[in-house]
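Student: Got a structure for you, questions after.
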Amino acid sequence: DTLVHQLQAADIPRVILHGTPEPLAHTLDRQGLHVHIPRLDDDTVCPLTSAARDVAATAPALWLFTSGSSGRPKEVVLTHGNLLAHAHGIVTRTGLTATDRLLHEMPWHHTKGVNNQLIAPLFAGASVVLIYRFHAADIPAQLEEVAPTILTGVPTMYARILDHLGD
């Protein structure tokens, strides 16, 4: 219900799903949303793709949803201009460059995981290494394997990581 509400609030009529999410696809179809499940081994071009084009700074780019602490989650629409300004601010304040490599351990449904750890580094030309899910015990091995120049998180994550770091 929450996903359907968010898709409808953002006026998203079409959903692309990966894998075999048949129950979810059927639920979304019943709610009037068009569902497309591409085959990754298919050489044909997805009918939803198009050539790159100029997008107005005022055009909606990203819908975030509040926690819903005072009712249903409310959508917050960010424009392409908002995302560009935020990325520019992050790059300017942090000094991110194309030589940086970020270890991305935040959830993608979190604004920090999208804006600070994906859009901003890519805006700077940096590389981003995605991990499936944060597990504090895995971080030391990931740091050694990836050798990131930057790792960002929230205080709770840092506190959990400390127990797994050696000298």
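Ordering of the structure tokens sets the chain letters (A, B, ...); residue numbers start at 1 within each chain; ligands are numbered from 1 in the order shown.
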Which residues come within 12 Å of Ile12 (chain A), counting only C-alpha atoms, excluding same-chain residues fewer than 3 positions away, as a PyMOL selection string?
Tutor: chain A and resi 3-9+15-16+28+31-35+60-63
Student: Include N, CA and C atoms and write out the residues we just selected as a CSV table (one decimal), in the first residue's frame.
Tutor:
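part27.csv was written with the following content:
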```csv
chain,number,residue,atom,x,y,z
A,3,LEU,N,4.0,1.6,-1.1
A,3,LEU,CA,4.6,1.8,-2.4
A,3,LEU,C,3.7,2.3,-3.4
A,4,VAL,N,2.5,1.8,-3.5
A,4,VAL,CA,1.5,2.2,-4.4
A,4,VAL,C,1.1,3.7,-4.2
A,5,HIS,N,0.9,4.1,-2.9
A,5,HIS,CA,0.7,5.5,-2.6
A,5,HIS,C,1.8,6.4,-3.0
A,6,GLN,N,3.0,6.0,-2.8
A,6,GLN,CA,4.1,6.8,-3.2
A,6,GLN,C,4.2,6.9,-4.7
A,7,LEU,N,4.0,5.8,-5.5
A,7,LEU,CA,4.1,5.9,-6.9
A,7,LEU,C,3.0,6.8,-7.5
A,8,GLN,N,1.8,6.7,-6.9
A,8,GLN,CA,0.7,7.5,-7.4
A,8,GLN,C,0.9,8.9,-7.0
A,9,ALA,N,1.4,9.2,-5.8
A,9,ALA,CA,1.6,10.6,-5.4
A,9,ALA,C,2.7,11.3,-6.3
A,15,VAL,N,6.5,1.1,-14.0
A,15,VAL,CA,7.5,0.6,-13.0
A,15,VAL,C,8.3,-0.4,-13.7
A,16,ILE,N,9.6,-0.3,-13.6
A,16,ILE,CA,10.5,-1.4,-14.1
A,16,ILE,C,11.0,-2.2,-12.9
A,28,LEU,N,0.8,-4.3,-8.3
A,28,LEU,CA,0.9,-3.0,-9.0
A,28,LEU,C,0.0,-2.9,-10.2
A,31,GLN,N,-3.4,-2.1,-9.4
A,31,GLN,CA,-3.6,-0.7,-9.0
A,31,GLN,C,-3.5,0.3,-10.2
A,32,GLY,N,-3.4,-0.3,-11.4
A,32,GLY,CA,-3.4,0.6,-12.6
A,32,GLY,C,-2.0,1.1,-13.0
A,33,LEU,N,-1.0,0.5,-12.5
A,33,LEU,CA,0.4,0.9,-12.9
A,33,LEU,C,0.9,-0.1,-13.9
A,34,HIS,N,1.5,0.4,-15.0
A,34,HIS,CA,2.1,-0.5,-16.0
A,34,HIS,C,3.4,-1.0,-15.5
A,35,VAL,N,3.6,-2.3,-15.5
A,35,VAL,CA,4.8,-3.0,-15.0
A,35,VAL,C,5.6,-3.6,-16.1
A,60,PRO,N,10.9,18.1,-12.1
A,60,PRO,CA,11.0,17.2,-11.0
A,60,PRO,C,12.0,16.1,-11.3
A,61,ALA,N,12.9,15.7,-10.3
A,61,ALA,CA,13.9,14.7,-10.5
A,61,ALA,C,13.8,13.6,-9.5
A,62,LEU,N,13.4,13.9,-8.3
A,62,LEU,CA,13.5,12.9,-7.2
A,62,LEU,C,12.4,13.1,-6.2
A,63,TRP,N,11.6,12.1,-5.9
A,63,TRP,CA,10.6,12.2,-4.9
A,63,TRP,C,11.1,11.5,-3.6
```
Student: Counting only C-alpha atoms, what is within 12 Å of Gln142 (chain A), bar same-chain residues fewer than 6 positions away, as a PDB file with N, CA and C atoms, in the first residue's frame?
Tutor:
```pdb
ATOM      1  N   LEU A 102      34.458   6.207  -3.300  1.00  0.00           N
ATOM      2  CA  LEU A 102      33.592   6.172  -2.124  1.00  0.00           C
ATOM      3  C   LEU A 102      33.040   4.767  -1.922  1.00  0.00           C
ATOM      4  N   LEU A 103      33.100   4.285  -0.699  1.00  0.00           N
ATOM      5  CA  LEU A 103      32.453   3.021  -0.342  1.00  0.00           C
ATOM      6  C   LEU A 103      31.038   3.365   0.101  1.00  0.00           C
ATOM      7  N   HIS A 104      30.051   2.962  -0.680  1.00  0.00           N
ATOM      8  CA  HIS A 104      28.644   3.334  -0.464  1.00  0.00           C
ATOM      9  C   HIS A 104      27.966   2.263   0.381  1.00  0.00           C
ATOM     10  N   GLU A 105      27.674   2.605   1.636  1.00  0.00           N
ATOM     11  CA  GLU A 105      27.058   1.633   2.550  1.00  0.00           C
ATOM     12  C   GLU A 105      25.722   2.105   3.106  1.00  0.00           C
ATOM     13  N   VAL A 129      31.661   2.584  -5.074  1.00  0.00           N
ATOM     14  CA  VAL A 129      31.579   1.132  -4.938  1.00  0.00           C
ATOM     15  C   VAL A 129      30.375   0.829  -4.047  1.00  0.00           C
ATOM     16  N   LEU A 130      29.410   0.126  -4.601  1.00  0.00           N
ATOM     17  CA  LEU A 130      28.181  -0.189  -3.877  1.00  0.00           C
ATOM     18  C   LEU A 130      28.321  -1.503  -3.133  1.00  0.00           C
ATOM     19  N   ILE A 131      27.866  -1.529  -1.890  1.00  0.00           N
ATOM     20  CA  ILE A 131      27.771  -2.792  -1.168  1.00  0.00           C
ATOM     21  C   ILE A 131      26.287  -3.088  -0.978  1.00  0.00           C
ATOM     22  N   TYR A 132      25.973  -4.352  -0.875  1.00  0.00           N
ATOM     23  CA  TYR A 132      24.565  -4.750  -0.832  1.00  0.00           C
ATOM     24  C   TYR A 132      23.852  -4.212   0.398  1.00  0.00           C
ATOM     25  N   ARG A 133      24.443  -4.390   1.552  1.00  0.00           N
ATOM     26  CA  ARG A 133      23.816  -3.958   2.802  1.00  0.00           C
ATOM     27  C   ARG A 133      24.891  -3.740   3.854  1.00  0.00           C
ATOM     28  N   PHE A 134      24.686  -2.753   4.669  1.00  0.00           N
ATOM     29  CA  PHE A 134      25.658  -2.455   5.721  1.00  0.00           C
ATOM     30  C   PHE A 134      25.649  -3.532   6.795  1.00  0.00           C
ATOM     31  N   HIS A 135      26.821  -4.092   7.045  1.00  0.00           N
ATOM     32  CA  HIS A 135      27.078  -4.977   8.181  1.00  0.00           C
ATOM     33  C   HIS A 135      28.403  -4.516   8.764  1.00  0.00           C
ATOM     34  N   ALA A 136      28.381  -4.025   9.971  1.00  0.00           N
ATOM     35  CA  ALA A 136      29.579  -3.462  10.594  1.00  0.00           C
ATOM     36  C   ALA A 136      30.760  -4.422  10.545  1.00  0.00           C
ATOM     37  N   PRO A 148      38.851   2.646  -0.241  1.00  0.00           N
ATOM     38  CA  PRO A 148      38.185   3.919  -0.549  1.00  0.00           C
ATOM     39  C   PRO A 148      38.961   5.105   0.003  1.00  0.00           C
ATOM     40  N   LEU A 151      34.564   7.399   3.142  1.00  0.00           N
ATOM     41  CA  LEU A 151      33.491   6.567   3.686  1.00  0.00           C
ATOM     42  C   LEU A 151      32.651   7.510   4.541  1.00  0.00           C
ATOM     43  N   ILE A 161      30.932   0.066  13.790  1.00  0.00           N
ATOM     44  CA  ILE A 161      32.160  -0.306  13.101  1.00  0.00           C
ATOM     45  C   ILE A 161      33.333  -0.401  14.069  1.00  0.00           C
ATOM     46  N   HIS A 164      34.742  -3.588  15.380  1.00  0.00           N
ATOM     47  CA  HIS A 164      35.303  -4.550  14.437  1.00  0.00           C
ATOM     48  C   HIS A 164      36.649  -4.101  13.868  1.00  0.00           C
ATOM     49  N   LEU A 165      37.119  -2.947  14.290  1.00  0.00           N
ATOM     50  CA  LEU A 165      38.399  -2.448  13.793  1.00  0.00           C
ATOM     51  C   LEU A 165      39.517  -2.909  14.708  1.00  0.00           C
TER      52      LEU A 165
END
```
Student: Nearest to Leu122 (chain A): which of A:His80, A:Ala147, A:Ala59, A:Thr97 is it, counting only C-alpha atoms?
Tutor: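 Closest to Leu122 (chain A), using only C-alpha atoms: A:Thr97.
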Student: CA of Ile139 (chain A) and CA of Gly153 (chain A), how far apart in Å?
Tutor: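 Result for CA of Gly153 (chain A) versus CA of Ile139 (chain A): 11.8 Å, one decimal.
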Student: Enumerate the residues of region 45-140 of chain A with a DSSP assignment of alpha helix (DSSP H), computed from the backbone, and present them as a list in words.
Tutor: His80, Gly81, Asn82, Leu83, Leu84, Ala85, His86, Ala87, His88, Gly89, Ile90, Val91, Thr92, Arg93, Thr94, Thr111, Ala120, Pro121, Leu122, Phe123, Ala124, Ile139 and Pro140 of chain A
Student: Counting only C-alpha atoms, figure out which residue out of A:Leu84, A:Ala124, A:Val154, A:Ala137 gets nearest to Val55 (chain A).
Tutor: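 Nearest to Val55 (chain A): A:Leu84.
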Student: Which one is closest to Thr111 (chain A): A:Thr66, A:Asp163, A:Ile150, A:Pro73? Count only C-alpha atoms.
Tutor: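 Answer, going by the shortest atom-to-atom distance: A:Thr66.
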Student: Report as a list in words all protein, DNA and RNA residues lying within 7 Å of Asp100 (chain A), evaluated on only C-alpha atoms, omitting residues in the same chain fewer than 4 positions from it.
Tutor: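 Residues meeting the cut-off are Leu96, Ala126, Ser127 and Thr149 of chain A.
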Student: Put those residues in a file: all heavy atoms, as a compact mmCIF listing (two decimals), in the first residue's frame.
Tutor:
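Final output, selection_33.txt:
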```txt
# COMPACT_ATOMS: atom_id res chain seq x y z
N LEU A 96 35.78 16.66 -2.96
CA LEU A 96 35.73 15.44 -3.78
C LEU A 96 36.26 15.72 -5.17
O LEU A 96 35.97 16.76 -5.77
CB LEU A 96 34.29 14.95 -3.91
CG LEU A 96 33.72 14.07 -2.83
CD1 LEU A 96 32.22 13.91 -3.00
CD2 LEU A 96 34.39 12.72 -2.83
N ALA A 126 34.06 11.08 -9.37
CA ALA A 126 34.63 10.04 -8.50
C ALA A 126 33.96 8.69 -8.80
O ALA A 126 32.92 8.63 -9.46
CB ALA A 126 34.40 10.41 -7.04
N SER A 127 34.55 7.63 -8.32
CA SER A 127 33.94 6.31 -8.46
C SER A 127 33.21 5.97 -7.16
O SER A 127 33.56 6.44 -6.09
CB SER A 127 34.97 5.25 -8.80
OG SER A 127 35.95 5.15 -7.80
N THR A 149 38.78 6.24 -0.65
CA THR A 149 39.36 7.47 -0.11
C THR A 149 38.34 8.17 0.77
O THR A 149 38.70 9.09 1.49
CB THR A 149 39.78 8.42 -1.25
OG1 THR A 149 38.62 8.73 -2.04
CG2 THR A 149 40.86 7.79 -2.10
```
Student: In Å to one decimal, how far is CA of Val146 (chain A) from CA of Ala98 (chain A)?
Tutor: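 CA of Ala98 (chain A) sits 15.8 Å away from CA of Val146 (chain A).
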Student: Of the residues A:Leu78, A:Ala57, A:Ala87, A:Ala141, which is the one nearest to Gly125 (chain A), using only C-alpha atoms?
Tutor: A:Ala87
Student: Please identify the strand (DSSP E or B) residues within chain A (assignment by DSSP from backbone atoms) and present them as number ranges by chain.
Tutor: A: 14-16, 34-36, 60-65, 75-79, 101-104, 127-130, 150-151
Student: Counting only C-alpha atoms, figure out which residue out of A:Val128, A:Met106, A:Ala10, A:Thr27 gets nearest to Met157 (chain A).
Tutor: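 Result for the nearest residue to Met157 (chain A): A:Met106.
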